[in-house]
Structures are given as structure tokens and as C-alpha cells.
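The structure under discussion appears below in the form of C-alpha cells.
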Amino acid sequence: MWIARVLLKILGFKITTEFPDVQKSILVFAPHTSYWDAAIGKLVMKVWGVPHRLLGKKELFRFPMVIVMRLLGGIPIRGIKGHNSIYDAVNLLNKEDRMHLVICPEGKFAPTDRWNPGFYYMAAKAHVPLVVAFIDYGRKEAGVKGVISDLSDKNKVYQQLADMYRGVTARHPECFLLPKYKDYSIR
């Protein structure tokens with residue numbers, strides 16, 4: 001833990017909040033516009049001492065990146081034949097007494113306001129809250145913006161996320177857009 005603190009200090013970052021008293025969650029970490037976000041996020045999680053696993057798109061689990069992802073405690077998701085990422089996450093949360101699954105819902109470095117709703121479904125089906133964490137490069141801060149426990153209305157959750165992340169500066173600000181939920185299902 002002390003090594004993580006020292007590395008964050010060398011990078012010029014400070015942690016502005018304690019981790020909330022939550023035993024299990026889907027931990028939404030944003031903005032995600034650079035590989036540095038994962039490194040800084042991992043250091044923050046180490047300082048907090050929170051048991052966690054990192055959920056990442058399956059494309060990150062190819063050689064040589066698979067080595068880094070496994071060292072970070074990564075779990076591949078999305079598009080894996082025979083696996084439903086949502087139910088895999090629910091099963092993992094259900095079998096642990098204390099676990100936080102970290103996900104970057106933007107899903108890519110390119111700007112998008114269509115955050116993949118998988119994080120929402122994982123939390124709703126596992127009956128765990130969303131912990132909303134951030135890295136702000138403008139202020140050189142990281143921490144938790146809040147906890148969203150009421151997952152009954154997806155539009156409301158997306159609005160809360162947009163409100164919480166408003167004013168947070170990404171490493172590449174031009175690539176970070178606030179989320180907007182739109183129901184694209186066929187009616």
C-alpha cells in the first residue's frame with residue numbers, strides 16, 4: 001500500500017476521499033481516455049485496500065497485453081463465446097463476501113456518450129450499488145464521487161452519472177463525453 005502512495009505522489013496525484021463502507025459493488029471508473037487511467041486507478045485501489053477485479057474488453061487479453069491485464073487482476077468480458085458477461089459478473093459477486101468489479105463503461109478511448117449499459121445490468125442483477133470513482137487530471141485528484149443504490153430507473157442513473165462526472169478533466173479532455181442513456185431497443 002505504501003508503494004502505491006509513493007507512486008501516486010511521484011505522479012502528482014492525491015486521493016481526496018475514502019472508499020465508502022460498501023462490501024460489494026460495480027465500481028464505475030471514469031474518465032477513461034488513456035492507458036494511464038488504468039495504472040493510476042490500480043494505484044488508487046491499492047491505497048484504498050479494496051478487493052477488486054478489473055473488467056476489460058476481450059481484445060485486451062491478447063499477447064502481450066494479456067500479461068499486464070492478468071497482473072492487474074483483469075477479467076475479459078464482452079463477446080466471449082458461451083459467456084454472458086453480466087451473469088459472469090453477478091456470479092462472481094455472489095460467491096465473494098467482499099468484492100468490487102471495476103469497469104470503465106465508455107469502453108474505448110474514442111469520445112462516446114453511449115456508455116455501455118452492461119455495468120448497470122450487472123449491478124441491478126447482483127443487487128449491488130454503483131460506486132462512482134474518478135480520476136481528474138486537471139486537479140490531479142482521484143476519489144469517489146458517490147454511491148448510486150437506487151437502480152430502478154436507468155435514465156435516472158445515467159443522469160446521476162453525468163452530474164457526478166461534470167467538471168472532471170480527463171487526460172485527453174477531447175475524448176471524454178458525459179453519458180447519455182438512450183433506449184435503442186426495437187419497440
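Labeling convention for the C-alpha cells: chains A, B, ... as they appear, residues from 1 per chain, ligands from 1 in order of appearance.
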Expected answer as a VMD selection string: strand (DSSP E or B) residues in chain A: chain A and resid 14 to 15 24 to 30 52 to 57 74 to 77 99 to 103 130 to 136 141 to 148
Give one line per residue of segment 94-166 of chain A that approaches segment 17-21 of chain A to at most 12 Å, naming the two atoms of the closest pair and their distance in Å to one decimal, counting only C-alpha atoms; sort by chain then ascending residue number and deliver it as JSON lines.
```
{"residue": "A:Arg98", "atom": "CA", "partner": "A:Asp21", "partner_atom": "CA", "distance": 10.9}
{"residue": "A:His100", "atom": "CA", "partner": "A:Phe19", "partner_atom": "CA", "distance": 11.2}
{"residue": "A:Pro129", "atom": "CA", "partner": "A:Pro20", "partner_atom": "CA", "distance": 11.1}
{"residue": "A:Leu130", "atom": "CA", "partner": "A:Pro20", "partner_atom": "CA", "distance": 11.1}
{"residue": "A:Val131", "atom": "CA", "partner": "A:Pro20", "partner_atom": "CA", "distance": 8.2}
{"residue": "A:Val132", "atom": "CA", "partner": "A:Phe19", "partner_atom": "CA", "distance": 10.3}
{"residue": "A:Ala133", "atom": "CA", "partner": "A:Phe19", "partner_atom": "CA", "distance": 9.2}
{"residue": "A:Phe134", "atom": "CA", "partner": "A:Thr17", "partner_atom": "CA", "distance": 10.5}
{"residue": "A:Ile135", "atom": "CA", "partner": "A:Thr17", "partner_atom": "CA", "distance": 11.7}
{"residue": "A:Glu141", "atom": "CA", "partner": "A:Thr17", "partner_atom": "CA", "distance": 9.5}
{"residue": "A:Ala142", "atom": "CA", "partner": "A:Thr17", "partner_atom": "CA", "distance": 7.8}
{"residue": "A:Gly143", "atom": "CA", "partner": "A:Thr17", "partner_atom": "CA", "distance": 5.1}
{"residue": "A:Val144", "atom": "CA", "partner": "A:Thr17", "partner_atom": "CA", "distance": 6.1}
{"residue": "A:Lys145", "atom": "CA", "partner": "A:Thr17", "partner_atom": "CA", "distance": 8.5}
{"residue": "A:Gly146", "atom": "CA", "partner": "A:Pro20", "partner_atom": "CA", "distance": 8.3}
{"residue": "A:Val147", "atom": "CA", "partner": "A:Pro20", "partner_atom": "CA", "distance": 7.9}
{"residue": "A:Ile148", "atom": "CA", "partner": "A:Pro20", "partner_atom": "CA", "distance": 11.5}
```
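Proximity ranking of A:Val157, A:Ala170, A:Leu27, A:Leu55 relative to Pro76 of chain A places A:Leu55 first, based on only C-alpha atoms.
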Coordinates-based distance that separates atom CA of Ile40 of chain A from atom CA of Ser25 of chain A (Å, one decimal): 19.7 Å
Selection near Asp136 of chain A, 10 Å with only C-alpha atoms, sequence-local residues under 5 positions removed, as a list in words: Phe13, Lys14, Ala30, Pro31, Asp37, Glu141, Ala142, Gly143, Tyr165, Gly167, Val168, Thr169, Ala170 and Arg171 of chain A
Store the residues picked out above, limited to N, CA, C and O atoms, as a PDB file, in the first residue's frame.
```pdb
ATOM      1  N   PHE A  13      -0.507  12.947  -7.956  1.00  0.00           N
ATOM      2  CA  PHE A  13      -1.929  12.746  -7.659  1.00  0.00           C
ATOM      3  C   PHE A  13      -2.162  12.591  -6.162  1.00  0.00           C
ATOM      4  O   PHE A  13      -1.321  12.066  -5.438  1.00  0.00           O
ATOM      5  N   LYS A  14      -3.346  13.054  -5.733  1.00  0.00           N
ATOM      6  CA  LYS A  14      -3.760  12.830  -4.348  1.00  0.00           C
ATOM      7  C   LYS A  14      -5.154  12.205  -4.368  1.00  0.00           C
ATOM      8  O   LYS A  14      -5.956  12.441  -5.278  1.00  0.00           O
ATOM      9  N   ALA A  30     -14.153   6.491 -14.258  1.00  0.00           N
ATOM     10  CA  ALA A  30     -14.093   7.336 -15.447  1.00  0.00           C
ATOM     11  C   ALA A  30     -13.403   8.636 -15.051  1.00  0.00           C
ATOM     12  O   ALA A  30     -13.289   8.935 -13.857  1.00  0.00           O
ATOM     13  N   PRO A  31     -12.960   9.416 -15.990  1.00  0.00           N
ATOM     14  CA  PRO A  31     -12.893   9.173 -17.422  1.00  0.00           C
ATOM     15  C   PRO A  31     -11.836   8.119 -17.765  1.00  0.00           C
ATOM     16  O   PRO A  31     -10.907   7.874 -16.999  1.00  0.00           O
ATOM     17  N   ASP A  37      -4.911   5.825 -17.163  1.00  0.00           N
ATOM     18  CA  ASP A  37      -6.058   5.755 -16.258  1.00  0.00           C
ATOM     19  C   ASP A  37      -6.069   4.440 -15.488  1.00  0.00           C
ATOM     20  O   ASP A  37      -6.355   4.412 -14.297  1.00  0.00           O
ATOM     21  N   GLU A 141      -6.416  14.765  -8.936  1.00  0.00           N
ATOM     22  CA  GLU A 141      -7.114  14.120  -7.831  1.00  0.00           C
ATOM     23  C   GLU A 141      -7.794  12.847  -8.307  1.00  0.00           C
ATOM     24  O   GLU A 141      -8.140  12.718  -9.476  1.00  0.00           O
ATOM     25  N   ALA A 142      -8.011  11.957  -7.364  1.00  0.00           N
ATOM     26  CA  ALA A 142      -8.793  10.750  -7.602  1.00  0.00           C
ATOM     27  C   ALA A 142      -9.623  10.493  -6.353  1.00  0.00           C
ATOM     28  O   ALA A 142      -9.246  10.908  -5.253  1.00  0.00           O
ATOM     29  N   GLY A 143     -10.749   9.828  -6.541  1.00  0.00           N
ATOM     30  CA  GLY A 143     -11.601   9.533  -5.398  1.00  0.00           C
ATOM     31  C   GLY A 143     -12.935   8.978  -5.829  1.00  0.00           C
ATOM     32  O   GLY A 143     -13.097   8.484  -6.943  1.00  0.00           O
ATOM     33  N   TYR A 165     -19.890  13.341 -12.970  1.00  0.00           N
ATOM     34  CA  TYR A 165     -18.666  13.499 -13.749  1.00  0.00           C
ATOM     35  C   TYR A 165     -18.522  14.877 -14.394  1.00  0.00           C
ATOM     36  O   TYR A 165     -17.470  15.183 -14.940  1.00  0.00           O
ATOM     37  N   GLY A 167     -17.443  18.390 -14.957  1.00  0.00           N
ATOM     38  CA  GLY A 167     -16.328  19.155 -14.399  1.00  0.00           C
ATOM     39  C   GLY A 167     -15.068  18.351 -14.158  1.00  0.00           C
ATOM     40  O   GLY A 167     -14.031  18.912 -13.819  1.00  0.00           O
ATOM     41  N   VAL A 168     -15.119  17.026 -14.346  1.00  0.00           N
ATOM     42  CA  VAL A 168     -13.933  16.188 -14.189  1.00  0.00           C
ATOM     43  C   VAL A 168     -13.135  16.256 -15.499  1.00  0.00           C
ATOM     44  O   VAL A 168     -13.698  16.118 -16.583  1.00  0.00           O
ATOM     45  N   THR A 169     -11.834  16.469 -15.388  1.00  0.00           N
ATOM     46  CA  THR A 169     -10.987  16.601 -16.571  1.00  0.00           C
ATOM     47  C   THR A 169     -10.247  15.304 -16.847  1.00  0.00           C
ATOM     48  O   THR A 169      -9.497  14.808 -15.998  1.00  0.00           O
ATOM     49  N   ALA A 170     -10.433  14.780 -18.052  1.00  0.00           N
ATOM     50  CA  ALA A 170      -9.755  13.558 -18.487  1.00  0.00           C
ATOM     51  C   ALA A 170      -8.317  13.866 -18.896  1.00  0.00           C
ATOM     52  O   ALA A 170      -7.960  15.023 -19.130  1.00  0.00           O
ATOM     53  N   ARG A 171      -7.503  12.839 -19.011  1.00  0.00           N
ATOM     54  CA  ARG A 171      -6.133  13.020 -19.526  1.00  0.00           C
ATOM     55  C   ARG A 171      -6.200  13.623 -20.927  1.00  0.00           C
ATOM     56  O   ARG A 171      -5.407  14.481 -21.276  1.00  0.00           O
TER      57      ARG A 171
END
```
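Shortest atom-to-atom contact with Ala124 of chain A among A:Val47, A:Leu71, A:Ile77, A:Ile26: A:Ile26, counting only C-alpha atoms.
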Residues near Gly49 of chain A, cut-off 8 Å, only C-alpha atoms, skip fewer than 3 positions along chain, as a ChimeraX atom specification: /A:1,45-46
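Considering the residues A:Pro179, A:Pro51, A:Pro111, A:Pro117 and counting only C-alpha atoms, Gln160 of chain A has its shortest atom-to-atom contact with A:Pro179.
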Closest of A:Asp150, A:Asp113, A:Asp88, A:Asp163 to Val128 of chain A - atom-to-atom distances counting only C-alpha atoms: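 When distances to Val128 of chain A are compared using only C-alpha atoms, the smallest one comes from A:Asp150.
Atom pair atom CA of Thr112 of chain A / atom CA of Leu177 of chain A: separated by 5.8 Å.
Picture a line from atom CA of Glu174 of chain A to atom CA of Lys140 of chain A; it runs 17.4 Å.
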In chain A, DSSP alpha helix (DSSP H) residues written as a JSON list (two decimals) with N, CA, C and O atoms, in the first residue's frame:
```json
[["chain", "number", "residue", "atom", "x", "y", "z"],
["A", 2, "TRP", "N", 1.95, 1.26, 0.77],
["A", 2, "TRP", "CA", 2.80, 2.46, 0.85],
["A", 2, "TRP", "C", 3.47, 2.73, -0.48],
["A", 2, "TRP", "O", 3.69, 3.90, -0.83],
["A", 3, "ILE", "N", 3.79, 1.67, -1.23],
["A", 3, "ILE", "CA", 4.41, 1.86, -2.55],
["A", 3, "ILE", "C", 3.43, 2.59, -3.47],
["A", 3, "ILE", "O", 3.82, 3.49, -4.20],
["A", 4, "ALA", "N", 2.16, 2.20, -3.41],
["A", 4, "ALA", "CA", 1.14, 2.85, -4.23],
["A", 4, "ALA", "C", 1.03, 4.33, -3.87],
["A", 4, "ALA", "O", 0.92, 5.19, -4.75],
["A", 5, "ARG", "N", 1.07, 4.63, -2.57],
["A", 5, "ARG", "CA", 1.01, 6.04, -2.13],
["A", 5, "ARG", "C", 2.19, 6.84, -2.68],
["A", 5, "ARG", "O", 2.04, 7.97, -3.15],
["A", 6, "VAL", "N", 3.38, 6.25, -2.60],
["A", 6, "VAL", "CA", 4.58, 6.93, -3.08],
["A", 6, "VAL", "C", 4.49, 7.15, -4.59],
["A", 6, "VAL", "O", 4.79, 8.25, -5.08],
["A", 7, "LEU", "N", 4.07, 6.14, -5.32],
["A", 7, "LEU", "CA", 3.96, 6.28, -6.78],
["A", 7, "LEU", "C", 2.93, 7.35, -7.16],
["A", 7, "LEU", "O", 3.16, 8.14, -8.08],
["A", 8, "LEU", "N", 1.80, 7.39, -6.46],
["A", 8, "LEU", "CA", 0.81, 8.44, -6.73],
["A", 8, "LEU", "C", 1.39, 9.82, -6.45],
["A", 8, "LEU", "O", 1.16, 10.77, -7.21],
["A", 9, "LYS", "N", 2.16, 9.92, -5.37],
["A", 9, "LYS", "CA", 2.78, 11.21, -5.02],
["A", 9, "LYS", "C", 3.78, 11.62, -6.11],
["A", 9, "LYS", "O", 3.83, 12.79, -6.51],
["A", 10, "ILE", "N", 4.57, 10.68, -6.59],
["A", 10, "ILE", "CA", 5.53, 10.96, -7.66],
["A", 10, "ILE", "C", 4.80, 11.44, -8.91],
["A", 10, "ILE", "O", 5.24, 12.37, -9.59],
["A", 11, "LEU", "N", 3.63, 10.83, -9.20],
["A", 11, "LEU", "CA", 2.84, 11.22, -10.36],
["A", 11, "LEU", "C", 2.08, 12.53, -10.12],
["A", 11, "LEU", "O", 1.47, 13.07, -11.03],
["A", 35, "TYR", "N", -4.25, 4.79, -21.32],
["A", 35, "TYR", "CA", -3.81, 3.64, -20.54],
["A", 35, "TYR", "C", -3.32, 4.07, -19.15],
["A", 35, "TYR", "O", -3.33, 3.29, -18.21],
["A", 36, "TRP", "N", -2.93, 5.32, -18.99],
["A", 36, "TRP", "CA", -2.53, 5.84, -17.69],
["A", 36, "TRP", "C", -3.67, 5.74, -16.68],
["A", 36, "TRP", "O", -3.43, 5.60, -15.48],
["A", 37, "ASP", "N", -4.91, 5.83, -17.16],
["A", 37, "ASP", "CA", -6.06, 5.75, -16.26],
["A", 37, "ASP", "C", -6.07, 4.44, -15.49],
["A", 37, "ASP", "O", -6.35, 4.41, -14.30],
["A", 38, "ALA", "N", -5.75, 3.35, -16.18],
["A", 38, "ALA", "CA", -5.73, 2.04, -15.53],
["A", 38, "ALA", "C", -4.62, 1.98, -14.48],
["A", 38, "ALA", "O", -4.82, 1.46, -13.39],
["A", 39, "ALA", "N", -3.46, 2.51, -14.82],
["A", 39, "ALA", "CA", -2.33, 2.48, -13.88],
["A", 39, "ALA", "C", -2.64, 3.31, -12.63],
["A", 39, "ALA", "O", -2.44, 2.85, -11.50],
["A", 40, "ILE", "N", -3.14, 4.52, -12.84],
["A", 40, "ILE", "CA", -3.46, 5.38, -11.70],
["A", 40, "ILE", "C", -4.62, 4.78, -10.90],
["A", 40, "ILE", "O", -4.60, 4.75, -9.67],
["A", 41, "GLY", "N", -5.63, 4.28, -11.60],
["A", 41, "GLY", "CA", -6.77, 3.65, -10.94],
["A", 41, "GLY", "C", -6.34, 2.46, -10.09],
["A", 41, "GLY", "O", -6.82, 2.28, -8.96],
["A", 42, "LYS", "N", -5.43, 1.66, -10.60],
["A", 42, "LYS", "CA", -4.93, 0.50, -9.85],
["A", 42, "LYS", "C", -4.20, 0.96, -8.59],
["A", 42, "LYS", "O", -4.37, 0.37, -7.51],
["A", 43, "LEU", "N", -3.40, 2.01, -8.70],
["A", 43, "LEU", "CA", -2.71, 2.55, -7.52],
["A", 43, "LEU", "C", -3.70, 3.05, -6.48],
["A", 43, "LEU", "O", -3.54, 2.81, -5.28],
["A", 44, "VAL", "N", -4.74, 3.74, -6.94],
["A", 44, "VAL", "CA", -5.77, 4.24, -6.03],
["A", 44, "VAL", "C", -6.44, 3.08, -5.31],
["A", 44, "VAL", "O", -6.64, 3.12, -4.09],
["A", 45, "MET", "N", -6.79, 2.03, -6.05],
["A", 45, "MET", "CA", -7.43, 0.86, -5.43],
["A", 45, "MET", "C", -6.52, 0.20, -4.40],
["A", 45, "MET", "O", -6.98, -0.24, -3.36],
["A", 46, "LYS", "N", -5.22, 0.17, -4.68],
["A", 46, "LYS", "CA", -4.25, -0.40, -3.73],
["A", 46, "LYS", "C", -4.21, 0.43, -2.44],
["A", 46, "LYS", "O", -4.18, -0.12, -1.35],
["A", 47, "VAL", "N", -4.21, 1.76, -2.59],
["A", 47, "VAL", "CA", -4.20, 2.62, -1.40],
["A", 47, "VAL", "C", -5.46, 2.39, -0.58],
["A", 47, "VAL", "O", -5.40, 2.31, 0.65],
["A", 48, "TRP", "N", -6.60, 2.28, -1.25],
["A", 48, "TRP", "CA", -7.85, 2.03, -0.53],
["A", 48, "TRP", "C", -7.88, 0.64, 0.11],
["A", 48, "TRP", "O", -8.63, 0.40, 1.05],
["A", 65, "MET", "N", -0.43, -7.91, -24.20],
["A", 65, "MET", "CA", -1.21, -7.16, -23.21],
["A", 65, "MET", "C", -1.85, -8.07, -22.16],
["A", 65, "MET", "O", -2.10, -7.64, -21.04],
["A", 66, "VAL", "N", -2.10, -9.33, -22.52],
["A", 66, "VAL", "CA", -2.73, -10.26, -21.58],
["A", 66, "VAL", "C", -1.90, -10.39, -20.30],
["A", 66, "VAL", "O", -2.46, -10.54, -19.22],
["A", 67, "ILE", "N", -0.59, -10.27, -20.41],
["A", 67, "ILE", "CA", 0.28, -10.38, -19.24],
["A", 67, "ILE", "C", -0.02, -9.25, -18.26],
["A", 67, "ILE", "O", -0.20, -9.47, -17.06],
["A", 68, "VAL", "N", -0.12, -8.04, -18.78],
["A", 68, "VAL", "CA", -0.42, -6.87, -17.94],
["A", 68, "VAL", "C", -1.82, -7.00, -17.34],
["A", 68, "VAL", "O", -2.02, -6.75, -16.15],
["A", 69, "MET", "N", -2.79, -7.37, -18.18],
["A", 69, "MET", "CA", -4.17, -7.47, -17.70],
["A", 69, "MET", "C", -4.30, -8.51, -16.59],
["A", 69, "MET", "O", -5.02, -8.29, -15.62],
["A", 70, "ARG", "N", -3.63, -9.63, -16.72],
["A", 70, "ARG", "CA", -3.69, -10.66, -15.67],
["A", 70, "ARG", "C", -3.02, -10.16, -14.39],
["A", 70, "ARG", "O", -3.50, -10.42, -13.28],
["A", 71, "LEU", "N", -1.89, -9.44, -14.52],
["A", 71, "LEU", "CA", -1.23, -8.88, -13.34],
["A", 71, "LEU", "C", -2.12, -7.87, -12.64],
["A", 71, "LEU", "O", -2.05, -7.72, -11.42],
["A", 85, "SER", "N", -21.36, -11.79, -20.02],
["A", 85, "SER", "CA", -20.57, -11.00, -19.07],
["A", 85, "SER", "C", -21.37, -10.56, -17.87],
["A", 85, "SER", "O", -20.86, -10.51, -16.75],
["A", 86, "ILE", "N", -22.63, -10.24, -18.10],
["A", 86, "ILE", "CA", -23.46, -9.76, -17.00],
["A", 86, "ILE", "C", -23.64, -10.86, -15.96],
["A", 86, "ILE", "O", -23.42, -10.65, -14.77],
["A", 87, "TYR", "N", -23.98, -12.05, -16.41],
["A", 87, "TYR", "CA", -24.18, -13.15, -15.46],
["A", 87, "TYR", "C", -22.86, -13.64, -14.86],
["A", 87, "TYR", "O", -22.83, -14.06, -13.70],
["A", 88, "ASP", "N", -21.77, -13.55, -15.63],
["A", 88, "ASP", "CA", -20.47, -13.90, -15.06],
["A", 88, "ASP", "C", -20.12, -12.96, -13.90],
["A", 88, "ASP", "O", -19.64, -13.39, -12.86],
["A", 89, "ALA", "N", -20.38, -11.66, -14.09],
["A", 89, "ALA", "CA", -20.11, -10.68, -13.03],
["A", 89, "ALA", "C", -21.01, -10.93, -11.82],
["A", 89, "ALA", "O", -20.54, -10.88, -10.68],
["A", 90, "VAL", "N", -22.28, -11.20, -12.06],
["A", 90, "VAL", "CA", -23.22, -11.48, -10.97],
["A", 90, "VAL", "C", -22.75, -12.70, -10.18],
["A", 90, "VAL", "O", -22.72, -12.67, -8.94],
["A", 91, "ASN", "N", -22.36, -13.76, -10.88],
["A", 91, "ASN", "CA", -21.89, -14.98, -10.21],
["A", 91, "ASN", "C", -20.64, -14.71, -9.37],
["A", 91, "ASN", "O", -20.51, -15.20, -8.25],
["A", 92, "LEU", "N", -19.72, -13.92, -9.92],
["A", 92, "LEU", "CA", -18.50, -13.60, -9.18],
["A", 92, "LEU", "C", -18.83, -12.81, -7.92],
["A", 92, "LEU", "O", -18.31, -13.09, -6.84],
["A", 93, "LEU", "N", -19.70, -11.83, -8.03],
["A", 93, "LEU", "CA", -20.10, -11.04, -6.85],
["A", 93, "LEU", "C", -20.83, -11.90, -5.83],
["A", 93, "LEU", "O", -20.63, -11.73, -4.62],
["A", 94, "ASN", "N", -21.67, -12.80, -6.29],
["A", 94, "ASN", "CA", -22.44, -13.65, -5.37],
["A", 94, "ASN", "C", -21.58, -14.62, -4.58],
["A", 94, "ASN", "O", -21.91, -14.96, -3.45],
["A", 95, "LYS", "N", -20.46, -15.06, -5.15],
["A", 95, "LYS", "CA", -19.65, -16.05, -4.43],
["A", 95, "LYS", "C", -18.61, -15.42, -3.50],
["A", 95, "LYS", "O", -17.99, -16.12, -2.72],
["A", 118, "GLY", "N", -23.89, -2.36, -19.76],
["A", 118, "GLY", "CA", -23.61, -3.60, -19.05],
["A", 118, "GLY", "C", -23.34, -3.40, -17.57],
["A", 118, "GLY", "O", -23.77, -4.20, -16.74],
["A", 119, "PHE", "N", -22.63, -2.33, -17.21],
["A", 119, "PHE", "CA", -22.33, -2.06, -15.80],
["A", 119, "PHE", "C", -23.63, -1.90, -15.00],
["A", 119, "PHE", "O", -23.73, -2.37, -13.87],
["A", 120, "TYR", "N", -24.62, -1.25, -15.61],
["A", 120, "TYR", "CA", -25.90, -1.04, -14.95],
["A", 120, "TYR", "C", -26.60, -2.38, -14.71],
["A", 120, "TYR", "O", -27.08, -2.65, -13.60],
["A", 121, "TYR", "N", -26.65, -3.21, -15.74],
["A", 121, "TYR", "CA", -27.32, -4.51, -15.61],
["A", 121, "TYR", "C", -26.59, -5.42, -14.63],
["A", 121, "TYR", "O", -27.23, -6.17, -13.89],
["A", 122, "MET", "N", -25.26, -5.35, -14.60],
["A", 122, "MET", "CA", -24.50, -6.15, -13.64],
["A", 122, "MET", "C", -24.90, -5.78, -12.21],
["A", 122, "MET", "O", -25.17, -6.66, -11.39],
["A", 123, "ALA", "N", -24.91, -4.49, -11.93],
["A", 123, "ALA", "CA", -25.26, -4.03, -10.58],
["A", 123, "ALA", "C", -26.70, -4.37, -10.24],
["A", 123, "ALA", "O", -26.99, -4.85, -9.14],
["A", 124, "ALA", "N", -27.62, -4.13, -11.17],
["A", 124, "ALA", "CA", -29.04, -4.38, -10.91],
["A", 124, "ALA", "C", -29.29, -5.86, -10.65],
["A", 124, "ALA", "O", -30.01, -6.22, -9.72],
["A", 125, "LYS", "N", -28.71, -6.73, -11.47],
["A", 125, "LYS", "CA", -28.96, -8.17, -11.32],
["A", 125, "LYS", "C", -28.26, -8.75, -10.08],
["A", 125, "LYS", "O", -28.73, -9.71, -9.50],
["A", 126, "ALA", "N", -27.13, -8.17, -9.69],
["A", 126, "ALA", "CA", -26.41, -8.64, -8.50],
["A", 126, "ALA", "C", -26.93, -7.97, -7.22],
["A", 126, "ALA", "O", -26.51, -8.33, -6.14],
["A", 154, "LYS", "N", -33.04, 3.44, -15.20],
["A", 154, "LYS", "CA", -31.77, 3.55, -15.92],
["A", 154, "LYS", "C", -31.49, 4.99, -16.37],
["A", 154, "LYS", "O", -30.36, 5.46, -16.28],
["A", 155, "ASN", "N", -32.51, 5.68, -16.85],
["A", 155, "ASN", "CA", -32.31, 7.07, -17.29],
["A", 155, "ASN", "C", -31.83, 7.94, -16.12],
["A", 155, "ASN", "O", -30.96, 8.78, -16.29],
["A", 156, "LYS", "N", -32.42, 7.73, -14.95],
["A", 156, "LYS", "CA", -32.03, 8.50, -13.76],
["A", 156, "LYS", "C", -30.58, 8.18, -13.38],
["A", 156, "LYS", "O", -29.83, 9.09, -13.01],
["A", 157, "VAL", "N", -30.19, 6.92, -13.47],
["A", 157, "VAL", "CA", -28.81, 6.53, -13.15],
["A", 157, "VAL", "C", -27.84, 7.22, -14.09],
["A", 157, "VAL", "O", -26.83, 7.79, -13.67],
["A", 158, "TYR", "N", -28.16, 7.20, -15.38],
["A", 158, "TYR", "CA", -27.27, 7.87, -16.35],
["A", 158, "TYR", "C", -27.20, 9.37, -16.09],
["A", 158, "TYR", "O", -26.13, 9.97, -16.23],
["A", 159, "GLN", "N", -28.30, 9.98, -15.69],
["A", 159, "GLN", "CA", -28.29, 11.40, -15.38],
["A", 159, "GLN", "C", -27.43, 11.68, -14.14],
["A", 159, "GLN", "O", -26.68, 12.65, -14.11],
["A", 160, "GLN", "N", -27.53, 10.81, -13.14],
["A", 160, "GLN", "CA", -26.71, 10.96, -11.94],
["A", 160, "GLN", "C", -25.22, 10.84, -12.30],
["A", 160, "GLN", "O", -24.39, 11.61, -11.79],
["A", 161, "LEU", "N", -24.89, 9.89, -13.16],
["A", 161, "LEU", "CA", -23.50, 9.73, -13.58],
["A", 161, "LEU", "C", -23.01, 10.99, -14.29],
["A", 161, "LEU", "O", -21.91, 11.48, -14.02],
["A", 162, "ALA", "N", -23.83, 11.51, -15.20],
["A", 162, "ALA", "CA", -23.45, 12.73, -15.92],
["A", 162, "ALA", "C", -23.23, 13.89, -14.95],
["A", 162, "ALA", "O", -22.26, 14.64, -15.07],
["A", 163, "ASP", "N", -24.12, 14.02, -13.96],
["A", 163, "ASP", "CA", -23.98, 15.08, -12.97],
["A", 163, "ASP", "C", -22.70, 14.92, -12.14],
["A", 163, "ASP", "O", -22.00, 15.90, -11.86],
["A", 164, "MET", "N", -22.39, 13.67, -11.76],
["A", 164, "MET", "CA", -21.22, 13.43, -10.93],
["A", 164, "MET", "C", -19.92, 13.69, -11.69],
["A", 164, "MET", "O", -18.94, 14.18, -11.11],
["A", 165, "TYR", "N", -19.89, 13.34, -12.97],
["A", 165, "TYR", "CA", -18.67, 13.50, -13.75],
["A", 165, "TYR", "C", -18.52, 14.88, -14.39],
["A", 165, "TYR", "O", -17.47, 15.18, -14.94]]
```
Distance query Ile103 of chain A at most 7 Å, only C-alpha atoms, self and fewer than 2 positions along chain excluded, as a PyMOL selection string: chain A and resi 27-29+54-55+101+105
